[in-house]
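Participant: I am sharing final20.cif, which consists of mmCIF, C-alpha atoms and all ligand atoms:
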data_work
loop_
_atom_site.group_PDB
_atom_site.id
_atom_site.type_symbol
_atom_site.label_atom_id
_atom_site.label_comp_id
_atom_site.auth_asym_id
_atom_site.auth_seq_id
_atom_site.Cartn_x
_atom_site.Cartn_y
_atom_site.Cartn_z
ATOM 1 C CA MET A 20 102.767 98.352 94.021
ATOM 2 C CA ALA A 21 99.191 98.593 92.704
ATOM 3 C CA LEU A 22 97.839 100.120 95.914
ATOM 4 C CA ARG A 23 100.616 102.708 95.949
ATOM 5 C CA ALA A 24 99.431 103.940 92.541
ATOM 6 C CA ILE A 25 95.895 104.251 93.888
ATOM 7 C CA ARG A 26 96.941 106.030 97.070
ATOM 8 C CA LEU A 27 98.955 108.554 95.065
ATOM 9 C CA LEU A 28 96.269 109.210 92.481
ATOM 10 C CA VAL A 29 92.849 108.955 94.110
ATOM 11 C CA SER A 30 91.702 112.459 94.950
ATOM 12 C CA ARG A 31 88.001 111.953 95.734
ATOM 13 C CA GLY A 32 86.948 111.022 99.261
ATOM 14 C CA LYS A 33 89.060 109.352 101.902
ATOM 15 C CA THR A 34 91.293 106.365 101.238
ATOM 16 C CA ASN A 35 91.891 103.964 104.092
ATOM 17 C CA LEU A 36 94.952 101.739 103.827
ATOM 18 C CA ALA A 37 95.158 99.123 106.551
ATOM 19 C CA ARG A 38 95.987 95.496 107.205
ATOM 20 C CA ILE A 39 92.864 93.552 106.345
ATOM 21 C CA ASN A 40 92.168 90.451 108.404
ATOM 22 C CA ASP A 41 88.897 89.431 106.805
ATOM 23 C CA ILE A 42 85.986 90.645 104.690
ATOM 24 C CA THR A 43 82.469 89.522 105.502
ATOM 25 C CA ASN A 44 79.823 89.400 102.765
ATOM 26 C CA PRO A 45 82.066 91.183 100.239
ATOM 27 C CA THR A 46 79.541 90.872 97.429
ATOM 28 C CA SER A 47 76.424 91.887 99.384
ATOM 29 C CA THR A 48 74.490 94.759 97.807
ATOM 30 C CA GLU A 49 73.524 95.912 101.307
ATOM 31 C CA LYS A 50 76.265 98.289 102.471
ATOM 32 C CA ARG A 51 75.687 97.531 106.190
ATOM 33 C CA GLU A 52 76.360 93.831 105.568
ATOM 34 C CA ARG A 53 79.667 94.379 103.769
ATOM 35 C CA LEU A 54 82.309 94.697 106.437
ATOM 36 C CA VAL A 55 86.080 94.778 106.500
ATOM 37 C CA ILE A 56 87.809 93.560 109.632
ATOM 38 C CA LEU A 57 91.039 95.472 110.051
ATOM 39 C CA GLY A 58 94.032 94.784 112.233
ATOM 40 C CA THR A 59 96.350 97.440 113.549
ATOM 41 C CA GLY A 60 99.510 95.855 112.115
ATOM 42 C CA VAL A 61 102.501 94.526 114.022
ATOM 43 C CA LEU A 62 102.078 96.340 117.335
ATOM 44 C CA LYS A 63 99.075 95.137 119.335
ATOM 45 C CA SER A 64 98.051 92.852 116.467
ATOM 46 C CA GLU A 65 95.231 91.505 118.631
ATOM 47 C CA LEU A 66 93.402 94.843 118.286
ATOM 48 C CA LYS A 67 90.812 94.694 115.530
ATOM 49 C CA TYR A 68 88.108 96.995 114.274
ATOM 50 C CA THR A 69 85.345 96.683 111.721
ATOM 51 C CA ILE A 70 84.237 99.248 109.153
ATOM 52 C CA ASP A 71 81.847 99.281 106.226
ATOM 53 C CA PHE A 72 82.964 100.728 102.916
ATOM 54 C CA ASP A 73 81.842 102.458 99.754
ATOM 55 C CA LYS A 74 84.606 101.039 97.566
ATOM 56 C CA LEU A 75 87.032 98.281 98.462
ATOM 57 C CA VAL A 76 90.217 97.575 96.513
ATOM 58 C CA ILE A 77 91.932 94.259 97.260
ATOM 59 C CA GLY A 78 95.569 94.411 96.178
ATOM 60 C CA VAL A 79 97.430 92.229 98.642
ATOM 61 C CA GLY A 80 99.829 90.661 96.109
ATOM 62 C CA ALA A 81 100.844 87.015 96.233
ATOM 63 C CA LEU A 82 103.415 84.755 97.818
ATOM 64 C CA SER A 83 106.043 82.520 96.248
ATOM 65 C CA ASN A 84 104.727 79.019 95.786
ATOM 66 C CA THR A 85 106.663 76.633 98.024
ATOM 67 C CA PHE A 86 104.470 73.628 97.104
ATOM 68 C CA ASN A 87 104.511 72.939 100.865
ATOM 69 C CA VAL A 88 108.038 71.540 100.584
ATOM 70 C CA PRO A 89 109.385 71.584 104.147
ATOM 71 C CA GLY A 90 112.243 74.003 104.757
ATOM 72 C CA VAL A 91 111.783 76.132 101.624
ATOM 73 C CA GLN A 92 110.337 79.114 103.485
ATOM 74 C CA GLU A 93 113.094 79.070 106.087
ATOM 75 C CA HIS A 94 116.172 78.288 103.988
ATOM 76 C CA SER A 95 115.620 79.617 100.442
ATOM 77 C CA PHE A 96 115.998 82.903 98.657
ATOM 78 C CA PHE A 97 112.998 83.592 96.462
ATOM 79 C CA LEU A 98 113.279 84.607 92.827
ATOM 80 C CA LYS A 99 110.340 85.706 90.724
ATOM 81 C CA VAL A 100 111.339 84.458 87.269
ATOM 82 C CA GLY A 101 113.159 81.228 86.548
ATOM 83 C CA PHE A 102 116.264 81.282 84.395
ATOM 84 C CA ASN A 103 118.735 78.771 83.041
ATOM 85 C CA VAL A 104 121.648 78.369 85.384
ATOM 86 C CA PRO A 105 124.831 77.347 83.566
ATOM 87 C CA GLY A 106 125.812 73.845 84.623
ATOM 88 C CA VAL A 107 122.304 72.883 85.777
ATOM 89 C CA SER A 108 120.469 70.871 83.176
ATOM 90 C CA GLY A 109 118.531 67.683 82.569
ATOM 91 C CA ASN A 110 115.570 66.316 84.498
ATOM 92 C CA ILE A 111 116.001 67.106 88.151
ATOM 93 C CA PRO A 112 113.760 65.052 90.472
ATOM 94 C CA SER A 113 111.406 67.118 92.658
ATOM 95 C CA PHE A 114 112.532 68.358 96.062
ATOM 96 C CA SER A 115 111.252 66.631 99.153
ATOM 97 C CA GLU A 116 112.975 68.902 101.684
ATOM 98 C CA VAL A 117 115.261 71.904 101.864
ATOM 99 C CA LYS A 118 117.626 72.093 104.805
ATOM 100 C CA LYS A 119 120.108 74.745 105.892
ATOM 101 C CA ASP A 120 123.057 73.095 104.138
ATOM 102 C CA CYS A 121 121.514 70.588 101.711
ATOM 103 C CA VAL A 122 118.569 69.741 99.496
ATOM 104 C CA ILE A 123 116.944 66.310 99.641
ATOM 105 C CA LEU A 124 115.483 65.081 96.347
ATOM 106 C CA SER A 125 112.447 62.836 95.994
ATOM 107 C CA ASN A 126 114.734 59.946 94.952
ATOM 108 C CA GLY A 127 116.461 60.176 98.327
ATOM 109 C CA GLU A 128 119.626 61.811 96.998
ATOM 110 C CA THR A 129 121.118 64.606 99.115
ATOM 111 C CA ILE A 130 122.768 67.603 97.430
ATOM 112 C CA PRO A 131 124.943 69.740 99.693
ATOM 113 C CA CYS A 132 124.521 73.488 99.070
ATOM 114 C CA GLY A 133 125.469 76.885 100.400
ATOM 115 C CA MET A 134 122.439 78.728 99.077
ATOM 116 C CA VAL A 135 119.093 77.691 97.570
ATOM 117 C CA VAL A 136 117.346 80.006 95.113
ATOM 118 C CA TRP A 137 113.655 79.095 94.773
ATOM 119 C CA SER A 138 111.624 80.025 91.720
ATOM 120 C CA GLY A 139 108.305 78.220 91.921
ATOM 121 C CA GLY A 140 105.786 80.750 90.644
ATOM 122 C CA ILE A 141 103.195 82.400 92.837
ATOM 123 C CA ALA A 142 100.613 81.205 95.350
ATOM 124 C CA PRO A 143 97.739 83.133 96.954
ATOM 125 C CA ARG A 144 97.994 84.580 100.439
ATOM 126 C CA GLN A 145 95.936 82.765 103.085
ATOM 127 C CA PHE A 146 93.766 85.874 103.349
ATOM 128 C CA VAL A 147 92.824 85.603 99.645
ATOM 129 C CA SER A 148 92.264 81.829 99.868
ATOM 130 C CA ASP A 149 89.837 82.402 102.752
ATOM 131 C CA LEU A 150 87.738 84.976 100.859
ATOM 132 C CA ASP A 151 84.415 83.745 99.570
ATOM 133 C CA LEU A 152 84.964 85.070 96.027
ATOM 134 C CA LYS A 153 85.294 83.444 92.598
ATOM 135 C CA LYS A 154 88.887 82.406 91.885
ATOM 136 C CA ASN A 155 90.871 80.875 89.032
ATOM 137 C CA LYS A 156 92.857 77.628 89.260
ATOM 138 C CA GLN A 157 95.846 79.469 90.755
ATOM 139 C CA GLY A 158 93.634 80.860 93.515
ATOM 140 C CA GLN A 159 93.626 84.440 92.156
ATOM 141 C CA ILE A 160 90.417 86.474 92.521
ATOM 142 C CA LEU A 161 88.556 86.650 89.211
ATOM 143 C CA THR A 162 87.452 90.071 87.994
ATOM 144 C CA ASP A 163 85.704 91.498 84.939
ATOM 145 C CA LYS A 164 87.415 93.929 82.557
ATOM 146 C CA TYR A 165 86.509 96.839 84.847
ATOM 147 C CA LEU A 166 88.383 95.068 87.673
ATOM 148 C CA HIS A 167 85.159 94.447 89.654
ATOM 149 C CA VAL A 168 85.304 91.091 91.415
ATOM 150 C CA LEU A 169 82.989 88.587 89.766
ATOM 151 C CA GLY A 170 79.641 88.110 91.497
ATOM 152 C CA ASP A 171 79.656 91.561 93.105
ATOM 153 C CA ASP A 172 76.432 93.198 91.945
ATOM 154 C CA SER A 173 77.093 96.313 94.001
ATOM 155 C CA LYS A 174 80.134 96.974 91.736
ATOM 156 C CA SER A 175 82.051 98.332 94.680
ATOM 157 C CA VAL A 176 84.695 95.655 95.270
ATOM 158 C CA PHE A 177 87.788 95.552 93.052
ATOM 159 C CA ALA A 178 90.811 93.273 92.931
ATOM 160 C CA ILE A 179 94.095 94.231 91.286
ATOM 161 C CA GLY A 180 97.700 93.141 90.958
ATOM 162 C CA ASP A 181 99.126 89.698 91.615
ATOM 163 C CA CYS A 182 96.166 88.558 93.737
ATOM 164 C CA ALA A 183 93.729 89.044 90.837
ATOM 165 C CA ASP A 184 93.085 87.723 87.352
ATOM 166 C CA ILE A 185 90.892 89.382 84.736
ATOM 167 C CA GLN A 186 88.559 86.780 83.244
ATOM 168 C CA ASP A 187 89.466 85.956 79.603
ATOM 169 C CA MET A 188 92.378 88.404 79.708
ATOM 170 C CA PRO A 189 95.346 86.554 81.202
ATOM 171 C CA LEU A 190 98.160 88.957 82.113
ATOM 172 C CA PRO A 191 101.568 88.289 83.646
ATOM 173 C CA CYS A 192 102.049 88.908 87.356
ATOM 174 C CA THR A 193 104.413 91.842 86.969
ATOM 175 C CA ALA A 194 104.847 95.284 88.460
ATOM 176 C CA GLN A 195 103.969 96.794 85.086
ATOM 177 C CA VAL A 196 100.506 95.197 85.103
ATOM 178 C CA ALA A 197 99.858 95.906 88.803
ATOM 179 C CA GLU A 198 100.836 99.567 88.505
ATOM 180 C CA ARG A 199 98.752 100.087 85.350
ATOM 181 C CA GLU A 200 95.704 98.485 87.009
ATOM 182 C CA GLY A 201 96.193 100.798 89.996
ATOM 183 C CA ARG A 202 96.369 103.850 87.732
ATOM 184 C CA TYR A 203 93.292 102.760 85.764
ATOM 185 C CA LEU A 204 91.275 102.221 88.927
ATOM 186 C CA ALA A 205 92.364 105.544 90.424
ATOM 187 C CA LYS A 206 91.294 107.320 87.233
ATOM 188 C CA MET A 207 87.920 105.609 87.209
ATOM 189 C CA LEU A 208 87.296 106.197 90.924
ATOM 190 C CA ASN A 209 88.222 109.866 90.532
ATOM 191 C CA HIS A 210 85.774 110.091 87.649
ATOM 192 C CA GLY A 211 83.101 109.034 90.122
ATOM 193 C CA LYS A 212 80.535 107.742 87.646
ATOM 194 C CA GLU A 213 79.797 104.354 86.093
ATOM 195 C CA PHE A 214 82.912 102.716 84.681
ATOM 196 C CA THR A 215 82.617 103.082 80.925
ATOM 197 C CA GLU A 216 86.053 102.151 79.601
ATOM 198 C CA PRO A 217 87.344 98.614 80.293
ATOM 199 C CA PHE A 218 90.915 98.107 81.435
ATOM 200 C CA GLU A 219 93.319 97.620 78.539
ATOM 201 C CA PHE A 220 96.912 96.559 78.701
ATOM 202 C CA GLN A 221 99.686 96.984 76.191
ATOM 203 C CA SER A 222 103.077 95.847 77.331
ATOM 204 C CA MET A 223 105.725 98.556 77.288
ATOM 205 C CA GLY A 224 108.326 95.837 76.708
ATOM 206 C CA MET A 225 110.842 94.197 78.930
ATOM 207 C CA LEU A 226 114.080 95.204 80.615
ATOM 208 C CA ALA A 227 116.098 92.668 82.552
ATOM 209 C CA TYR A 228 119.360 92.832 84.451
ATOM 210 C CA ILE A 229 121.475 89.731 83.854
ATOM 211 C CA GLY A 230 124.448 90.572 86.083
ATOM 212 C CA LYS A 231 127.922 92.078 85.666
ATOM 213 C CA TYR A 232 126.632 95.464 84.395
ATOM 214 C CA GLN A 233 124.835 93.734 81.513
ATOM 215 C CA ALA A 234 121.116 93.927 80.743
ATOM 216 C CA LEU A 235 118.591 93.058 78.046
ATOM 217 C CA THR A 236 116.272 95.617 76.464
ATOM 218 C CA ASP A 237 113.270 94.391 74.501
ATOM 219 C CA VAL A 238 110.959 97.322 73.760
ATOM 220 C CA LYS A 239 109.090 98.172 70.584
ATOM 221 C CA GLN A 240 111.683 100.667 69.354
ATOM 222 C CA ILE A 241 114.917 99.036 70.548
ATOM 223 C CA LYS A 242 116.248 95.538 71.108
ATOM 224 C CA MET A 243 119.732 95.416 72.570
ATOM 225 C CA GLN A 244 121.976 93.932 75.189
ATOM 226 C CA GLY A 245 125.137 94.684 77.067
ATOM 227 C CA PHE A 246 126.397 97.683 79.021
ATOM 228 C CA THR A 247 124.351 100.303 77.114
ATOM 229 C CA SER A 248 121.296 98.235 77.820
ATOM 230 C CA TRP A 249 122.251 98.282 81.516
ATOM 231 C CA ILE A 250 122.328 102.127 81.406
ATOM 232 C CA VAL A 251 118.841 102.088 79.815
ATOM 233 C CA TRP A 252 117.613 99.666 82.509
ATOM 234 C CA ARG A 253 118.916 101.858 85.330
ATOM 235 C CA SER A 254 117.510 105.045 83.742
ATOM 236 C CA ALA A 255 114.116 103.407 83.301
ATOM 237 C CA TYR A 256 114.119 102.441 86.971
ATOM 238 C CA LEU A 257 114.622 106.031 88.036
ATOM 239 C CA THR A 258 111.990 107.486 85.740
ATOM 240 C CA ARG A 259 109.312 104.845 86.427
ATOM 241 C CA LEU A 260 109.553 104.687 90.218
ATOM 242 C CA GLY A 261 106.226 105.717 91.743
ATOM 243 C CA SER A 262 107.322 108.312 94.310
ATOM 244 C CA TRP A 263 110.026 110.928 94.823
ATOM 245 C CA ARG A 264 111.042 109.168 98.028
ATOM 246 C CA LEU A 265 111.971 106.043 96.013
ATOM 247 C CA ARG A 266 113.583 108.077 93.253
ATOM 248 C CA MET A 267 115.932 109.501 95.879
ATOM 249 C CA GLN A 268 116.392 106.299 97.861
ATOM 250 C CA VAL A 269 117.253 103.964 94.950
ATOM 251 C CA PRO A 270 120.318 105.885 93.599
ATOM 252 C CA ILE A 271 121.591 106.235 97.172
ATOM 253 C CA ASP A 272 121.259 102.447 97.592
ATOM 254 C CA TRP A 273 123.122 101.922 94.297
ATOM 255 C CA LEU A 274 125.907 104.226 95.445
ATOM 256 C CA LYS A 275 126.165 102.406 98.796
ATOM 257 C CA THR A 276 126.443 99.058 96.958
ATOM 258 C CA LEU A 277 129.097 100.446 94.607
ATOM 259 C CA MET A 278 131.166 101.784 97.504
ATOM 260 C CA TYR A 279 130.696 99.085 100.162
ATOM 261 C CA GLY A 280 129.419 96.014 98.251
ATOM 262 C CA ARG A 281 126.013 94.347 98.311
ATOM 263 C CA ASP A 282 124.168 94.204 101.644
ATOM 264 C CA ILE A 283 123.243 90.545 102.080
ATOM 265 C CA SER A 284 121.926 90.768 105.641
ATOM 266 C CA ARG A 285 118.512 89.206 106.090
ATOM 267 C CA PHE A 286 115.981 89.617 108.912
ATOM 268 C CA ASP A 287 114.202 86.451 109.953
HETATM 269 C C1 LIG B 1 111.967 88.731 93.791
HETATM 270 C C2 LIG B 1 110.972 89.383 92.867
HETATM 271 C C3 LIG B 1 111.419 90.030 91.721
HETATM 272 C C4 LIG B 1 110.513 90.646 90.850
HETATM 273 N N1 LIG B 1 110.976 91.277 89.731
HETATM 274 C C5 LIG B 1 110.123 91.875 88.907
HETATM 275 C C6 LIG B 1 110.580 92.580 87.768
HETATM 276 O O1 LIG B 1 111.779 92.644 87.512
HETATM 277 N N2 LIG B 1 109.670 93.181 86.956
HETATM 278 C C7 LIG B 1 108.341 93.141 87.227
HETATM 279 O O2 LIG B 1 107.540 93.735 86.490
HETATM 280 N N3 LIG B 1 107.859 92.491 88.292
HETATM 281 C C8 LIG B 1 108.723 91.862 89.141
HETATM 282 N N4 LIG B 1 108.258 91.214 90.234
HETATM 283 C C9 LIG B 1 106.805 91.122 90.427
HETATM 284 C C10 LIG B 1 106.241 92.359 91.034
HETATM 285 O O3 LIG B 1 106.971 92.681 92.209
HETATM 286 C C11 LIG B 1 104.785 92.081 91.366
HETATM 287 O O4 LIG B 1 104.117 91.634 90.213
HETATM 288 C C12 LIG B 1 104.118 93.340 91.869
HETATM 289 O O5 LIG B 1 104.787 93.827 93.018
HETATM 290 C C13 LIG B 1 102.662 93.040 92.219
HETATM 291 O O6 LIG B 1 102.109 94.159 92.795
HETATM 292 P P1 LIG B 1 100.896 94.023 93.816
HETATM 293 O O7 LIG B 1 100.490 95.412 94.165
HETATM 294 O O8 LIG B 1 99.882 93.085 93.300
HETATM 295 O O9 LIG B 1 101.504 93.292 95.104
HETATM 296 P P2 LIG B 1 102.659 93.754 96.089
HETATM 297 O O10 LIG B 1 103.601 94.680 95.433
HETATM 298 O O11 LIG B 1 103.178 92.473 96.668
HETATM 299 O O12 LIG B 1 101.898 94.579 97.185
HETATM 300 C C14 LIG B 1 100.940 93.986 98.034
HETATM 301 C C15 LIG B 1 100.887 94.767 99.322
HETATM 302 O O13 LIG B 1 99.799 94.286 100.113
HETATM 303 C C16 LIG B 1 100.217 94.182 101.448
HETATM 304 N N5 LIG B 1 99.375 93.192 102.131
HETATM 305 C C17 LIG B 1 99.482 91.853 102.141
HETATM 306 N N6 LIG B 1 98.503 91.303 102.871
HETATM 307 C C18 LIG B 1 97.737 92.333 103.330
HETATM 308 C C19 LIG B 1 96.566 92.411 104.134
HETATM 309 N N7 LIG B 1 95.969 91.329 104.633
HETATM 310 N N8 LIG B 1 96.069 93.638 104.402
HETATM 311 C C20 LIG B 1 96.648 94.756 103.882
HETATM 312 N N9 LIG B 1 97.757 94.741 103.117
HETATM 313 C C21 LIG B 1 98.288 93.539 102.850
HETATM 314 C C22 LIG B 1 101.682 93.747 101.352
HETATM 315 O O14 LIG B 1 102.359 94.053 102.556
HETATM 316 C C23 LIG B 1 102.160 94.595 100.180
HETATM 317 O O15 LIG B 1 102.581 95.858 100.604
HETATM 318 C C24 LIG B 1 109.134 90.609 91.141
HETATM 319 C C25 LIG B 1 108.681 89.971 92.299
HETATM 320 C C26 LIG B 1 109.590 89.355 93.156
HETATM 321 C C27 LIG B 1 109.068 88.668 94.411
#
In structure tokens, how does this file's structure come out?
Ligand SMILES: Cc1cc2nc3c(=O)[nH]c(=O)nc-3n(C[C@H](O)[C@H](O)[C@H](O)COP(=O)(O)OP(=O)(O)OC[C@H]3O[C@@H](n4cnc5c(N)ncnc54)[C@H](O)[C@@H]3O)c2cc1C
Facilitator:
Amino acid sequence: MALRAIRLLVSRGKTNLARINDITNPTSTEKRERLVILGTGVLKSELKYTIDFDKLVIGVGALSNTFNVPGVQEHSFFLKVGFNVPGVSGNIPSFSEVKKDCVILSNGETIPCGMVVWSGGIAPRQFVSDLDLKKNKQGQILTDKYLHVLGDDSKSVFAIGDCADIQDMPLPCTAQVAEREGRYLAKMLNHGKEFTEPFEFQSMGMLAYIGKYQALTDVKQIKMQGFTSWIVWRSAYLTRLGSWRLRMQVPIDWLKTLMYGRDISRFD
């Protein structure tokens, strides 16, 4: 999300998007010591190459937090934001294991189930955990208000999106924040000089789909719910999508779902 904004907007120099395996000496002021070890992706993943860099933007996102509960990764569907499910209330003991057809609670009770939806917040990717950079309690890379990672005197390493946290400026891990950080960084990198304006964020509000052609709209000008709100939500999607490819693909996907139902196939 955040990197897409950068790739679309950075016009100066060459941008290199690749799967990063490791970064050595990320905060060294000596360019020759700062190296990124890149992998080639899925095919021939054993092939690796090393490059130095002028500017490095880390925007690898985050994972859903499974709290290391066995079976969650394999048998759950992940949801970003928790919500109140009708009929589920009270103090539920913590999960000790998730299986294909049941959930085992810490008190030993077994609850049979057809589907588990997991909403446990976010956790850092292993790659981010392994980086020798300052992090917050959640394991996100700490940055200053110019999105430079803390401790990097060369001012050439940035972290954005869900994998990063701006010190003393806590922001939610949402697409809105990630995309805005990407746009800010692209603008500053295009400018090419010292960063003079810090990153600022003002929420544009919230739109949420709640099922059955109903949505919630909570923006400065309007607060509403229901079908009209759903129309607003869908229109906003189309106008805010980052590329023309997505703007074409998303309505086609909606049409396919309307005609043939939701595609619930999942690749493991
Ligand atoms: C189910 C779900 C629903 C959500 N719903 C909403 C919503 O309604 N509204 C909202 O605002 N936000 C929502 N979010 C959150 C939103 O998707 C994230 O906040 C946003 O995508 C973060 O952007 P990002 O660029 O930091 O990370 P991502 O969008 O996750 O992008 C990170 C990219 O880095 C790549 N990557 C990972 N590791 C490496 C590596 N080692 N080397 C190179 N590349 C790597 C990944 O493949 C990925 O392409 C939702 C998230 C989830 C999971």
Participant: Applying the PyMOL selection byres (((not hetatm)) within 9 of (chain B and resi 1)) to the file I just gave you, which residues come out? Please list them as JSON, numbers by chain.
Facilitator: {"A": [20, 21, 22, 23, 24, 36, 37, 38, 39, 40, 41, 57, 58, 60, 77, 78, 79, 80, 81, 82, 83, 96, 97, 98, 99, 100, 138, 141, 144, 145, 146, 147, 179, 180, 181, 182, 183, 191, 192, 193, 194, 195, 196, 197, 198, 201, 225, 226, 227, 228]}
Participant: Let me have the centre and edge lengths of the axis-aligned box enclosing all listed atoms of stretch 152-157 of chain A with 8 Å padding on every side, in Å to one decimal, as lines of an AutoDock Vina configuration file.
Facilitator:
center_x = 90.4
center_y = 81.3
center_z = 92.5
size_x = 26.9
size_y = 23.4
size_z = 23.0
Participant: For the provided coordinates, the residues matched by the PyMOL selection byres (((chain A and resi 251-256) around 12) and not hetatm) should be stated as a PyMOL selection string.
Facilitator: chain A and resi 194-195+223-230+232-238+241-250+257-262+265-270+273
Participant: For a test of reading the model, state the distance in Å between atom CA of A:Gly158 and atom CA of A:Arg53, rounded to one decimal.
Facilitator: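 Distance between the two atoms: 22.0 Å.
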Participant: Apply the PyMOL selection byres (((chain A and resi 124) around 6) and not hetatm) to the structure shown and report the selected residues as number ranges by chain.
Facilitator: A: 113-115, 123, 125-128
Participant: Which residue is closest to A:Ser173? Choose from A:Gln92, A:Thr276, A:Thr46, A:Asn209 and count all atoms listed in the file.
Facilitator: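 Distance minimum relative to A:Ser173 lands on A:Thr46.
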Participant: Using only C-alpha atoms, what residues lie at most 12 Å away from (89.3, 86.9, 79.8) (file coordinates), given as a list in words?
Facilitator: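 Returned residue set, sorted by chain then number, is Asn155, Leu161, Thr162, Asp163, Lys164, Tyr165, Leu166, Leu169, Asp184, Ile185, Gln186, Asp187, Met188, Pro189, Leu190, Pro217, Phe218 and Glu219 of chain A.
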Participant: Just want the 10 Å neighbourhood of stretch 170-172 of chain A, counted on all atoms listed in the file, with same-chain residues fewer than 2 positions away dropped. Output as a PyMOL selection string.
Facilitator: chain A and resi 44-48+152-153+161-163+167-168+174-177
Participant: What does the distance from atom CA of A:Asp282 to atom CA of A:His94 come to in Å, to one decimal?
Facilitator: 18.0 Å
Participant: Would you mind telling me which residue in A:Ile130, A:Leu204, A:Val135, A:Ala142 lies nearest to A:Phe86 when using only C-alpha atoms?
Facilitator: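 Ranking A:Ile130, A:Leu204, A:Val135, A:Ala142 by distance to A:Phe86, first place goes to A:Ala142.
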Participant: Rank nothing, just name the residue among A:Lys154, A:Asp71, A:Leu274, A:Glu200 nearest to A:Glu49, using all atoms listed in the file.
Facilitator: A:Asp71
Participant: Can you tell me how far atom CA of A:Ile42 sits from atom CA of A:Leu66, in Å to one decimal?
Facilitator: 16.0 Å
Participant: Nearest to A:Lys118: which of A:Asp73, A:Asp151, A:Glu52, A:Glu93 is it, counting all atoms listed in the file?
Facilitator: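 Of A:Asp73, A:Asp151, A:Glu52, A:Glu93, the one nearest A:Lys118 is A:Glu93, counting all atoms listed in the file.
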Participant: Once N, CA and C atoms are restored for stretch 116-129 of chain A, what would the output be as a short mmCIF file (atom, residue, chain, number, x, y, z; two decimals), in the coordinates of the input?
Facilitator:
data_model
loop_
_atom_site.label_atom_id
_atom_site.label_comp_id
_atom_site.auth_asym_id
_atom_site.auth_seq_id
_atom_site.Cartn_x
_atom_site.Cartn_y
_atom_site.Cartn_z
N GLU A 116 112.71 68.03 100.54
CA GLU A 116 112.98 68.90 101.68
C GLU A 116 114.17 69.80 101.40
N VAL A 117 114.10 71.00 101.95
CA VAL A 117 115.26 71.90 101.86
C VAL A 117 115.77 72.12 103.28
N LYS A 118 117.05 71.87 103.47
CA LYS A 118 117.63 72.09 104.80
C LYS A 118 118.62 73.23 104.71
N LYS A 119 119.20 73.59 105.85
CA LYS A 119 120.11 74.74 105.89
C LYS A 119 121.30 74.55 104.95
N ASP A 120 121.83 73.32 104.90
CA ASP A 120 123.06 73.10 104.14
C ASP A 120 122.91 72.03 103.05
N CYS A 121 121.69 71.58 102.78
CA CYS A 121 121.51 70.59 101.71
C CYS A 121 120.07 70.54 101.23
N VAL A 122 119.92 69.94 100.05
CA VAL A 122 118.57 69.74 99.50
C VAL A 122 118.36 68.24 99.34
N ILE A 123 117.20 67.75 99.78
CA ILE A 123 116.94 66.31 99.64
C ILE A 123 115.95 66.11 98.49
N LEU A 124 116.34 65.32 97.52
CA LEU A 124 115.48 65.08 96.35
C LEU A 124 114.52 63.93 96.63
N SER A 125 113.48 63.86 95.75
CA SER A 125 112.45 62.84 95.99
C SER A 125 113.01 61.42 95.81
N ASN A 126 114.15 61.29 95.10
CA ASN A 126 114.73 59.95 94.95
C ASN A 126 115.68 59.60 96.11
N GLY A 127 115.67 60.46 97.14
CA GLY A 127 116.46 60.18 98.33
C GLY A 127 117.86 60.77 98.29
N GLU A 128 118.28 61.26 97.13
CA GLU A 128 119.63 61.81 97.00
C GLU A 128 119.74 63.12 97.79
N THR A 129 120.90 63.36 98.37
CA THR A 129 121.12 64.61 99.12
C THR A 129 122.16 65.45 98.38
#
